[in-house]
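Shown here: run.tsv, TSV, C-alpha atoms.
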```
chain	number	residue	atom	x	y	z
A	1	MET	CA	-4.42	219.84	76.97
A	2	GLN	CA	-6.40	221.46	79.82
A	3	LEU	CA	-4.99	220.12	83.09
A	4	TYR	CA	-7.10	222.25	85.45
A	5	LYS	CA	-10.84	222.88	85.44
A	6	GLU	CA	-10.63	226.31	87.04
A	7	ARG	CA	-7.95	228.75	85.97
A	8	LEU	CA	-6.30	230.93	88.61
A	9	LEU	CA	-5.40	233.74	86.19
A	10	SER	CA	-7.93	235.44	83.96
A	11	PRO	CA	-7.08	236.40	80.35
A	12	GLY	CA	-6.78	240.02	81.50
A	13	GLN	CA	-4.30	239.10	84.22
A	14	LEU	CA	-2.23	237.05	81.80
A	15	LYS	CA	-2.16	239.94	79.36
A	16	ARG	CA	-0.98	242.36	82.03
A	17	LEU	CA	1.56	239.82	83.22
A	18	SER	CA	3.07	239.53	79.74
A	19	GLU	CA	3.42	243.34	79.71
A	20	HIS	CA	5.05	243.44	83.15
A	21	LYS	CA	8.53	244.97	83.38
A	22	TYR	CA	10.83	244.15	86.28
A	23	SER	CA	11.75	247.26	88.27
A	24	CYS	CA	14.37	247.14	91.02
A	25	THR	CA	16.77	249.50	92.78
A	26	SER	CA	19.62	248.21	94.91
A	27	HIS	CA	22.21	249.88	97.14
A	28	SER	CA	23.43	246.63	98.72
A	29	LEU	CA	27.03	246.71	99.90
A	30	PHE	CA	27.68	242.98	99.39
A	31	ASP	CA	26.06	242.81	95.96
A	32	GLY	CA	28.69	245.15	94.55
A	33	LEU	CA	31.52	243.14	96.07
A	34	LEU	CA	30.17	239.82	94.83
A	35	GLN	CA	29.44	240.84	91.25
A	36	PHE	CA	32.86	239.63	90.08
A	37	TRP	CA	32.27	236.17	91.58
A	38	TRP	CA	28.76	235.91	90.12
A	39	ASP	CA	29.90	237.10	86.66
A	40	TRP	CA	32.76	234.60	86.65
A	41	LEU	CA	30.52	231.72	87.75
A	42	VAL	CA	27.65	232.35	85.31
A	43	ASP	CA	30.17	232.33	82.47
A	44	LYS	CA	30.95	228.70	83.40
A	45	VAL	CA	27.29	227.64	83.36
A	46	PRO	CA	26.24	225.70	80.22
A	47	LEU	CA	23.95	227.63	77.89
A	48	TRP	CA	21.42	224.76	77.90
A	49	LEU	CA	20.81	225.10	81.68
A	50	ALA	CA	17.50	226.93	82.24
A	51	PRO	CA	17.51	229.83	84.76
A	52	ASN	CA	14.51	228.43	86.66
A	53	LEU	CA	16.31	225.11	86.99
A	54	ILE	CA	19.25	226.94	88.59
A	55	THR	CA	16.86	228.60	91.05
A	56	ILE	CA	15.07	225.39	92.06
A	57	LEU	CA	18.35	223.47	92.47
A	58	GLY	CA	19.61	226.12	94.88
A	59	LEU	CA	16.35	225.99	96.85
A	60	LEU	CA	16.44	222.19	97.11
A	61	VAL	CA	20.02	222.30	98.41
A	62	ASN	CA	19.02	224.89	101.02
A	63	ILE	CA	15.97	222.89	102.12
A	64	PHE	CA	17.92	219.62	102.29
A	65	THR	CA	20.69	221.02	104.50
A	66	THR	CA	18.15	222.69	106.80
A	67	LEU	CA	16.18	219.46	107.13
A	68	ILE	CA	19.38	217.78	108.31
A	69	LEU	CA	19.63	220.39	111.07
A	70	ILE	CA	15.94	219.91	111.94
A	71	TYR	CA	16.42	216.13	112.10
A	72	TYR	CA	19.09	216.46	114.78
A	73	SER	CA	17.34	219.26	116.68
A	74	PRO	CA	13.57	219.37	116.04
A	75	ASP	CA	12.98	221.26	119.27
A	76	ALA	CA	15.84	223.73	118.62
A	77	LYS	CA	17.27	222.75	122.03
A	78	ALA	CA	19.38	219.69	121.22
A	79	GLU	CA	22.90	220.44	120.07
A	80	ALA	CA	23.16	219.59	116.38
A	81	PRO	CA	26.44	218.12	115.05
A	82	ARG	CA	29.00	220.63	113.91
A	83	TRP	CA	29.10	219.15	110.43
A	84	ALA	CA	25.34	219.74	110.12
A	85	CYS	CA	25.85	223.43	110.90
A	86	PHE	CA	28.62	223.60	108.33
A	87	ALA	CA	26.40	221.86	105.77
A	88	CYS	CA	23.71	224.45	106.46
A	89	ALA	CA	26.18	227.29	105.91
A	90	LEU	CA	27.31	225.70	102.65
A	91	GLY	CA	23.72	225.08	101.54
A	92	LEU	CA	22.77	228.71	102.15
A	93	PHE	CA	25.85	229.91	100.26
A	94	VAL	CA	24.99	227.67	97.32
A	95	TYR	CA	21.41	228.92	97.32
A	96	GLN	CA	22.46	232.57	97.58
A	97	THR	CA	24.93	232.16	94.72
A	98	LEU	CA	22.56	230.32	92.40
A	99	ASP	CA	19.78	232.76	93.23
A	100	ALA	CA	22.09	235.61	92.19
A	101	ILE	CA	23.11	234.14	88.83
A	102	ASP	CA	19.74	232.85	87.59
A	103	GLY	CA	18.81	236.28	86.23
A	104	LYS	CA	22.23	236.63	84.63
A	105	GLN	CA	21.76	233.25	82.96
A	106	ALA	CA	18.35	234.35	81.68
A	107	ARG	CA	19.81	237.47	80.06
A	108	ARG	CA	22.77	235.46	78.78
A	109	THR	CA	20.50	232.97	77.01
A	110	GLY	CA	17.83	235.47	75.98
A	111	THR	CA	15.14	233.74	78.07
A	112	SER	CA	14.11	236.54	80.44
A	113	THR	CA	10.36	236.36	81.10
A	114	PRO	CA	7.96	237.53	83.85
A	115	LEU	CA	7.73	233.89	84.94
A	116	GLY	CA	11.40	233.98	85.93
A	117	GLU	CA	10.77	236.87	88.33
A	118	LEU	CA	7.73	235.15	89.83
A	119	PHE	CA	9.54	231.81	90.14
A	120	ASP	CA	12.53	233.47	91.79
A	121	HIS	CA	10.44	235.31	94.38
A	122	GLY	CA	8.35	232.20	94.99
A	123	CYS	CA	11.45	230.19	95.84
A	124	ASP	CA	12.70	233.04	98.03
A	125	SER	CA	9.45	233.02	100.03
A	126	ILE	CA	9.99	229.35	100.88
A	127	SER	CA	13.71	229.76	101.49
A	128	THR	CA	13.08	232.58	103.98
A	129	VAL	CA	11.22	230.17	106.27
A	130	PHE	CA	13.99	227.55	106.20
A	131	VAL	CA	16.82	230.08	106.57
A	132	ALA	CA	15.23	231.76	109.61
A	133	LEU	CA	14.49	228.39	111.22
A	134	SER	CA	18.00	227.07	110.62
A	135	ALA	CA	19.53	230.14	112.30
A	136	CYS	CA	17.36	229.59	115.39
A	137	ILE	CA	18.34	225.92	115.61
A	138	SER	CA	22.01	226.74	115.14
A	139	VAL	CA	21.99	228.98	118.26
A	140	GLN	CA	19.66	226.65	120.24
A	141	LEU	CA	16.94	229.27	120.50
A	142	GLY	CA	14.38	226.64	121.48
A	143	TYR	CA	15.21	227.42	125.11
A	144	TYR	CA	13.60	230.81	124.47
A	145	PRO	CA	10.43	229.91	122.50
A	146	THR	CA	9.04	233.44	122.41
A	147	TRP	CA	12.30	234.79	120.98
A	148	MET	CA	12.33	232.00	118.41
A	149	PHE	CA	8.74	232.75	117.40
A	150	PHE	CA	9.59	236.43	117.06
A	151	GLN	CA	12.75	235.86	115.02
A	152	CYS	CA	11.16	233.47	112.52
A	153	PHE	CA	7.95	235.39	111.98
A	154	CYS	CA	9.88	238.66	111.89
A	155	ALA	CA	11.91	237.35	108.91
A	156	ILE	CA	8.74	236.11	107.20
A	157	THR	CA	6.98	239.44	107.82
A	158	LEU	CA	9.87	241.52	106.51
A	159	PHE	CA	9.96	239.49	103.29
A	160	TYR	CA	6.23	240.04	102.89
A	161	CYS	CA	6.64	243.78	103.57
A	162	ALA	CA	9.29	244.03	100.83
A	163	HIS	CA	6.75	242.79	98.28
A	164	TRP	CA	3.98	244.80	99.91
A	165	GLN	CA	5.87	248.02	99.21
A	166	THR	CA	6.57	246.73	95.69
A	167	TYR	CA	2.81	246.22	95.22
A	168	VAL	CA	2.37	249.84	96.28
A	169	SER	CA	5.28	251.56	94.52
A	170	GLY	CA	5.81	249.23	91.55
A	171	CYS	CA	9.52	248.93	92.34
A	172	LEU	CA	11.42	246.45	94.50
A	173	ARG	CA	13.95	248.31	96.65
A	174	PHE	CA	17.06	246.97	98.35
A	175	GLY	CA	18.94	249.05	100.92
A	176	LYS	CA	22.61	249.02	101.87
A	177	LEU	CA	21.92	246.33	104.46
A	178	ASP	CA	19.41	243.92	102.96
A	179	VAL	CA	18.85	240.31	101.95
A	180	THR	CA	22.40	239.47	100.85
A	181	GLU	CA	23.90	240.93	104.01
A	182	ALA	CA	21.38	239.04	106.16
A	183	GLN	CA	22.16	235.77	104.37
A	184	PHE	CA	25.90	236.12	104.90
A	185	THR	CA	25.30	237.00	108.56
A	186	ILE	CA	23.40	233.73	109.00
A	187	ILE	CA	26.16	231.88	107.13
A	188	GLY	CA	28.55	233.37	109.68
A	189	ILE	CA	26.35	232.14	112.55
A	190	HIS	CA	26.36	228.61	111.13
A	191	LEU	CA	30.13	228.69	110.68
A	192	ILE	CA	30.66	229.79	114.30
A	193	SER	CA	28.45	226.91	115.44
A	194	ALA	CA	30.40	224.55	113.17
A	195	ILE	CA	33.79	225.66	114.50
A	196	PHE	CA	33.04	226.04	118.22
A	197	GLY	CA	29.87	223.98	118.54
A	198	PRO	CA	26.31	225.34	118.96
A	199	SER	CA	26.82	225.47	122.73
A	200	ILE	CA	29.11	228.49	122.23
A	201	TRP	CA	25.96	230.62	122.00
A	202	MET	CA	24.91	229.46	125.50
A	203	THR	CA	28.14	230.73	127.05
A	204	GLU	CA	27.62	233.45	129.66
A	205	LEU	CA	29.79	236.51	129.38
A	206	PRO	CA	31.76	237.35	132.55
A	207	TYR	CA	30.40	240.07	134.87
A	208	THR	CA	27.22	240.43	132.79
A	209	GLY	CA	25.40	237.11	133.16
A	210	THR	CA	24.14	237.41	129.57
A	211	GLU	CA	24.59	234.72	126.95
A	212	VAL	CA	26.50	235.26	123.73
A	213	LYS	CA	23.35	234.68	121.65
A	214	VAL	CA	21.87	237.93	123.01
A	215	PHE	CA	24.05	240.00	120.69
A	216	PRO	CA	22.89	238.56	117.35
A	217	LEU	CA	19.31	238.60	118.66
A	218	TRP	CA	19.32	242.28	119.48
A	219	ALA	CA	21.21	243.05	116.28
A	220	ALA	CA	18.45	241.24	114.37
A	221	VAL	CA	15.84	243.33	116.18
A	222	GLY	CA	17.62	246.55	115.25
A	223	VAL	CA	17.92	245.56	111.60
A	224	ALA	CA	14.26	244.44	111.56
A	225	ILE	CA	13.17	247.84	112.85
A	226	LEU	CA	15.16	249.58	110.12
A	227	PHE	CA	13.70	247.31	107.41
A	228	ALA	CA	10.16	247.76	108.70
A	229	GLN	CA	10.57	251.53	108.92
A	230	SER	CA	11.91	251.67	105.35
A	231	SER	CA	9.06	249.56	103.96
A	232	MET	CA	6.33	251.39	105.85
A	233	SER	CA	7.66	254.78	104.78
A	234	VAL	CA	7.24	253.71	101.14
A	235	ILE	CA	3.80	252.20	101.77
A	236	LEU	CA	2.40	255.15	103.70
A	237	ALA	CA	3.80	257.66	101.20
A	238	GLY	CA	1.20	256.49	98.69
A	239	GLY	CA	1.29	254.28	95.65
A	240	VAL	CA	1.69	254.77	91.92
A	241	GLY	CA	-1.96	254.02	91.23
A	242	LYS	CA	-4.83	256.47	90.98
A	243	ASN	CA	-5.17	258.71	94.06
A	244	GLY	CA	-2.11	257.13	95.67
A	245	SER	CA	-3.39	253.55	95.46
A	246	THR	CA	-1.47	250.37	94.66
A	247	VAL	CA	-0.57	249.23	91.14
A	248	ALA	CA	-3.95	247.48	91.10
A	249	GLY	CA	-5.84	250.58	92.24
A	250	THR	CA	-6.55	249.18	95.72
A	251	SER	CA	-5.85	250.62	99.17
A	252	VAL	CA	-2.17	250.61	100.13
A	253	LEU	CA	-3.14	249.02	103.48
A	254	SER	CA	-5.21	246.18	102.00
A	255	PRO	CA	-2.33	243.59	101.89
A	256	ILE	CA	-2.16	243.63	105.68
A	257	ILE	CA	-5.48	241.75	105.91
A	258	PRO	CA	-4.52	238.42	104.26
A	259	PHE	CA	-1.19	238.36	106.07
A	260	SER	CA	-2.85	239.00	109.44
A	261	PHE	CA	-4.87	235.82	108.84
A	262	VAL	CA	-1.54	233.98	109.07
A	263	VAL	CA	0.34	235.72	111.88
A	264	VAL	CA	-2.53	236.32	114.32
A	265	PRO	CA	-3.77	232.70	114.41
A	266	ALA	CA	-0.16	231.49	114.68
A	267	PHE	CA	0.33	233.60	117.81
A	268	ILE	CA	-3.07	232.76	119.36
A	269	ILE	CA	-2.68	229.00	118.84
A	270	TYR	CA	0.84	229.16	120.27
A	271	ARG	CA	-0.33	230.98	123.42
A	272	LYS	CA	-3.56	229.02	123.98
A	273	SER	CA	-2.24	225.51	123.38
A	274	ALA	CA	-2.89	223.27	126.38
A	275	GLU	CA	-0.43	220.72	125.04
A	276	HIS	CA	2.25	223.38	124.38
A	277	VAL	CA	2.36	222.23	120.77
A	278	TYR	CA	4.65	225.06	119.70
A	279	GLU	CA	7.16	224.74	122.56
A	280	ASN	CA	7.43	220.98	122.06
A	281	HIS	CA	7.53	221.04	118.25
A	282	PRO	CA	8.74	224.52	117.21
A	283	ALA	CA	10.33	223.47	113.91
A	284	LEU	CA	7.19	221.72	112.63
A	285	TYR	CA	5.01	224.59	113.85
A	286	ILE	CA	7.07	227.26	112.10
A	287	LEU	CA	7.28	225.22	108.89
A	288	ALA	CA	3.49	224.77	108.86
A	289	PHE	CA	2.68	228.44	109.27
A	290	GLY	CA	5.68	229.41	107.16
A	291	MET	CA	4.24	227.55	104.17
A	292	VAL	CA	0.96	229.44	104.63
A	293	ALA	CA	2.89	232.72	104.69
A	294	ALA	CA	4.79	231.66	101.56
A	295	LYS	CA	1.51	230.98	99.76
A	296	VAL	CA	0.10	234.38	100.74
A	297	THR	CA	3.33	236.10	99.68
A	298	ASN	CA	3.24	234.36	96.31
A	299	ARG	CA	-0.31	235.57	95.79
A	300	LEU	CA	0.86	239.11	96.58
A	301	VAL	CA	3.65	238.83	93.99
A	302	VAL	CA	1.16	237.54	91.42
A	303	ALA	CA	-1.24	240.39	92.28
A	304	HIS	CA	1.57	242.90	91.72
A	305	MET	CA	2.75	241.42	88.42
A	306	THR	CA	-0.81	241.10	87.07
A	307	LYS	CA	-1.94	244.45	88.54
A	308	ASN	CA	-4.85	242.70	90.19
A	309	GLU	CA	-6.63	242.96	93.53
A	310	MET	CA	-5.42	240.48	96.13
A	311	GLN	CA	-8.07	238.19	97.59
A	312	TYR	CA	-8.19	238.10	101.39
A	313	LEU	CA	-9.10	234.44	101.99
A	314	ASP	CA	-7.08	231.48	100.81
A	315	SER	CA	-7.46	227.70	100.79
A	316	SER	CA	-4.20	227.28	102.75
A	317	LEU	CA	-5.90	228.87	105.78
A	318	ILE	CA	-7.82	225.62	106.22
A	319	GLY	CA	-4.67	224.25	107.86
A	320	PRO	CA	-4.49	226.82	110.70
A	321	ALA	CA	-8.29	226.60	111.01
A	322	MET	CA	-7.92	222.89	111.79
A	323	LEU	CA	-5.62	223.73	114.70
A	324	PHE	CA	-7.80	226.58	115.91
A	325	LEU	CA	-11.04	224.54	115.89
A	326	ASN	CA	-9.33	221.58	117.54
A	327	GLN	CA	-8.27	223.88	120.38
A	328	TYR	CA	-11.57	225.77	120.64
A	329	PHE	CA	-13.80	222.68	120.82
A	330	ASN	CA	-11.24	220.61	122.75
A	331	PHE	CA	-11.41	217.62	120.41
A	332	PHE	CA	-9.90	214.29	121.43
A	333	ILE	CA	-7.31	214.48	118.62
A	334	LYS	CA	-3.86	215.39	119.89
A	335	GLU	CA	-2.64	218.77	118.66
A	336	TYR	CA	0.60	217.21	117.45
A	337	TYR	CA	-1.28	215.08	114.93
A	338	VAL	CA	-3.43	218.01	113.85
A	339	LEU	CA	-0.24	220.05	113.39
A	340	TRP	CA	1.12	217.37	111.07
A	341	GLY	CA	-2.14	217.40	109.15
A	342	CYS	CA	-1.93	221.18	108.90
A	343	PHE	CA	1.66	221.02	107.61
A	344	ILE	CA	0.82	218.40	104.98
A	345	TRP	CA	-2.24	220.31	103.80
A	346	VAL	CA	-0.57	223.71	103.47
A	347	THR	CA	2.50	222.22	101.75
A	348	LEU	CA	0.42	220.36	99.18
A	349	ASP	CA	-1.76	223.44	98.69
A	350	LEU	CA	1.30	225.61	98.07
A	351	LEU	CA	2.70	223.09	95.58
A	352	ARG	CA	-0.65	222.80	93.78
A	353	TYR	CA	-0.94	226.58	93.50
A	354	SER	CA	2.64	227.00	92.29
A	355	VAL	CA	2.37	224.24	89.68
A	356	GLN	CA	-0.91	225.60	88.31
A	357	ILE	CA	0.31	229.20	88.15
A	358	CYS	CA	3.50	228.13	86.34
A	359	HIS	CA	1.49	225.96	83.95
A	360	GLU	CA	-0.90	228.78	83.05
A	361	ILE	CA	1.91	231.29	82.50
A	362	CYS	CA	3.98	228.85	80.45
A	363	ASP	CA	0.92	228.04	78.35
A	364	HIS	CA	0.21	231.75	77.78
A	365	LEU	CA	3.80	232.79	77.02
A	366	LYS	CA	4.55	229.63	75.01
A	367	ILE	CA	7.63	228.83	77.09
A	368	MET	CA	8.95	225.90	79.12
A	369	LEU	CA	9.66	226.12	82.84
A	370	PHE	CA	12.85	224.07	83.14
A	371	ARG	CA	14.05	223.88	79.55
A	372	ILE	CA	15.56	226.30	77.06
A	373	PRO	CA	14.43	225.80	73.45
A	374	THR	CA	17.18	224.75	71.07
A	375	GLY	CA	16.83	228.01	69.17
A	376	ASN	CA	17.56	230.03	72.31
A	377	GLN	CA	20.67	227.97	72.96
A	378	ARG	CA	21.93	228.82	69.51
A	379	VAL	CA	21.12	232.48	70.14
A	380	GLY	CA	23.12	232.35	73.36
A	381	SER	CA	26.03	230.65	71.61
A	382	THR	CA	25.88	233.16	68.76
A	383	GLN	CA	25.80	236.10	71.18
A	384	SER	CA	28.78	234.65	73.05
A	385	SER	CA	30.69	234.14	69.79
A	386	ILE	CA	29.89	237.68	68.65
A	387	ALA	CA	31.07	239.04	71.98
A	388	ASN	CA	34.31	237.07	71.72
A	389	GLU	CA	34.86	238.27	68.14
A	390	LYS	CA	34.28	241.87	69.22
A	391	ASN	CA	36.74	241.48	72.08
A	392	ALA	CA	39.33	239.99	69.72
A	393	GLN	CA	38.76	242.82	67.24
A	394	MET	CA	39.18	245.39	70.04
A	395	VAL	CA	42.47	243.75	71.04
A	396	VAL	CA	43.75	243.89	67.44
A	397	GLU	CA	42.72	247.54	67.10
A	398	HIS	CA	44.29	248.34	70.45
A	399	GLN	CA	47.56	246.68	69.41
A	400	SER	CA	47.45	248.61	66.15
A	401	LEU	CA	47.00	251.87	68.04
A	402	LEU	CA	49.90	250.98	70.30
A	403	GLY	CA	52.04	250.44	67.22
A	404	GLU	CA	51.03	253.89	65.93
A	405	GLU	CA	51.93	255.33	69.33
A	406	HIS	CA	55.49	254.07	68.97
A	407	GLN	CA	55.70	255.51	65.46
A	408	PHE	CA	54.33	258.97	66.27
A	409	GLY	CA	55.91	259.45	69.68
A	410	SER	CA	54.61	260.68	73.02
A	411	ASP	CA	52.24	263.39	71.64
A	412	THR	CA	50.02	260.73	70.10
A	413	SER	CA	50.11	258.83	73.34
A	414	LEU	CA	48.82	261.92	75.17
A	415	ASP	CA	46.02	262.36	72.64
A	416	LEU	CA	44.97	258.75	73.10
```
Before we go any further, please render this structure as structure tokens.
Amino acid sequence: MQLYKERLLSPGQLKRLSEHKYSCTSHSLFDGLLQFWWDWLVDKVPLWLAPNLITILGLLVNIFTTLILIYYSPDAKAEAPRWACFACALGLFVYQTLDAIDGKQARRTGTSTPLGELFDHGCDSISTVFVALSACISVQLGYYPTWMFFQCFCAITLFYCAHWQTYVSGCLRFGKLDVTEAQFTIIGIHLISAIFGPSIWMTELPYTGTEVKVFPLWAAVGVAILFAQSSMSVILAGGVGKNGSTVAGTSVLSPIIPFSFVVVPAFIIYRKSAEHVYENHPALYILAFGMVAAKVTNRLVVAHMTKNEMQYLDSSLIGPAMLFLNQYFNFFIKEYYVLWGCFIWVTLDLLRYSVQICHEICDHLKIMLFRIPTGNQRVGSTQSSIANEKNAQMVVEHQSLLGEEHQFGSDTSLDL
């Protein structure tokens, strides 16, 4: 049944998507240390649980715990309860863990598809907004609105740049200090706020007059510079396409245009607001523009996986345009209400886009988004049984060899 009149993906894009192969290189320090935990956990996950369902459950937990923090401190100035900070740390840990094992579950059940990669990155684009915002609320960064704006949009920009360089090079790269390390740093910030209270970050250090929060802020700036330098070095080195272009054959600098339509209006509206709409409602403001950035990032991921040119304009930009026009013409509508309208519009637009893209891909690949076909479950069970039988056989053979060792003496042991 045709649910949508206009399809977002052409037959050519769907064909290239089905031929897409995930390419990734990682040198993350934490990923290597956590592999044992992730391998142990995924082995406990039922074979009927779809990988995409694992991903979305982790995202919902992360969003829910962050919304609790936003409820108690919408201006990022009020001191949130310690238990809310702890819940946020726990929610981020749950999301990070489930996000790490969804791919393992896909390989375990034989259900790896390009849709899984797209769905995973799509959830990450939304999570980035909530994670960055929660960290700012946890350290009461609302007292420094410019710093808060910089920190949140810096995180959103770096996530976009990671996929920008993937669009150019065809390979997603993770450094030694990357997403996992950043997530555990923010978990640590939430735990400090939970143990000592968020006000601990407002404490002035003796003889310096600087607050404790200055250190994680400047550390974030340093890491952001390193990330940006790494991404830009890949982008400016030229792409894998013809004449150093992107995977779609476009200019390597072209993705900066659609993203600038998000960041530039966000900054201008923040600075020109007569009602100080950002300073008074920073959480709502960042969520509104964060959803626009998530939509643009998703379109970049789709453009990469379908090897297609990325369109510059997007329907989600209607939301920021509402704020901009309301300011420019000085309408009688309060900016706070327009901001709510913007947030509702861009959120619904992002959901509509995501649902339609998933529907079209599922229809093309003949798969289900949140379910594993019964046949695949049996395949997973069979593979697990075969693996167990092989392990048992190896143990028997090993014991047999050990018996031969005792019979033939130490020379045989040395040969083995």
So, counting all atoms listed in the file, which residue among A:Val212, A:Val263, A:Cys123, A:Val139 is closest to A:Ile286? A:Val263
Do you have, as a tab-separated table, the list of residues of stretch 239-343 of chain A lying at most 7 Å from stretch 67-76 of chain A, each with its nearest atom pair and that distance in Å to one decimal, counting only C-alpha atoms and ordered by chain then number?
```
residue	atom	partner	partner_atom	distance
A:Asn280	CA	A:Asp75	CA	6.2
A:His281	CA	A:Asp75	CA	5.5
A:Pro282	CA	A:Asp75	CA	5.7
A:Ala283	CA	A:Pro74	CA	5.6
```
Which value, in Å to one decimal, gives the distance between atom CA of A:Ala294 and atom CA of A:Phe329? 28.2 Å
May I have the residues at most 12 Å from (-7.3, 232.2, 99.7) in the file's coordinates, counting only C-alpha atoms, as a list of chain:residue names?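 Protein, DNA and RNA residues close to (-7.3, 232.2, 99.7): A:Leu8, A:Ile257, A:Pro258, A:Phe259, A:Phe261, A:Val262, A:Val292, A:Ala293, A:Lys295, A:Val296, A:Thr297, A:Asn298, A:Arg299, A:Leu300, A:Met310, A:Gln311, A:Tyr312, A:Leu313, A:Asp314, A:Ser315, A:Ser316, A:Leu317, A:Ile318, A:Gly319, A:Val346, A:Asp349, A:Leu350, A:Tyr353.
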Nearest to A:Ile269, chosen from A:Ala321, A:Val179, A:Val302, A:Ala155, with all atoms listed in the file counted in the distances: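 For A:Ile269, the nearest of the candidates is A:Ala321.
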Tell me which residues come within 12 Å of (-5.5, 250.8, 102.0), as number ranges by chain, counting all atoms listed in the file in the file's coordinates. A: 164, 167-168, 235-239, 241, 243-246, 248-257, 309-310
Å distance separating atom CA of A:Leu284 from atom CA of A:Ile357, one decimal place: 26.5 Å
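Across the structure, atom CA of A:Asp31 and atom CA of A:Ala106 are spaced 18.3 Å apart.
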Surrounding residues of A:Phe119 excluding itself and chain neighbours under 2 positions, 9 Å, only C-alpha atoms, as a PDB file with C-alpha atoms, keeping the file's coordinate frame:
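Written file, around-v3.pdb:
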```pdb
ATOM      1  CA  ASN A  52      14.510 228.430  86.660  1.00  0.00           C
ATOM      2  CA  THR A  55      16.860 228.600  91.050  1.00  0.00           C
ATOM      3  CA  ILE A  56      15.070 225.390  92.060  1.00  0.00           C
ATOM      4  CA  PRO A 114       7.960 237.530  83.850  1.00  0.00           C
ATOM      5  CA  LEU A 115       7.730 233.890  84.940  1.00  0.00           C
ATOM      6  CA  GLY A 116      11.400 233.980  85.930  1.00  0.00           C
ATOM      7  CA  GLU A 117      10.770 236.870  88.330  1.00  0.00           C
ATOM      8  CA  HIS A 121      10.440 235.310  94.380  1.00  0.00           C
ATOM      9  CA  GLY A 122       8.350 232.200  94.990  1.00  0.00           C
ATOM     10  CA  CYS A 123      11.450 230.190  95.840  1.00  0.00           C
ATOM     11  CA  ASP A 124      12.700 233.040  98.030  1.00  0.00           C
ATOM     12  CA  SER A 354       2.640 227.000  92.290  1.00  0.00           C
ATOM     13  CA  CYS A 358       3.500 228.130  86.340  1.00  0.00           C
TER      14      CYS A 358
END
```
Give me the residues within 8 Å of A:Leu287 as a ChimeraX atom specification, counting only C-alpha atoms and dropping any in the same chain fewer than 4 places off. /A:129-130,283,291,343
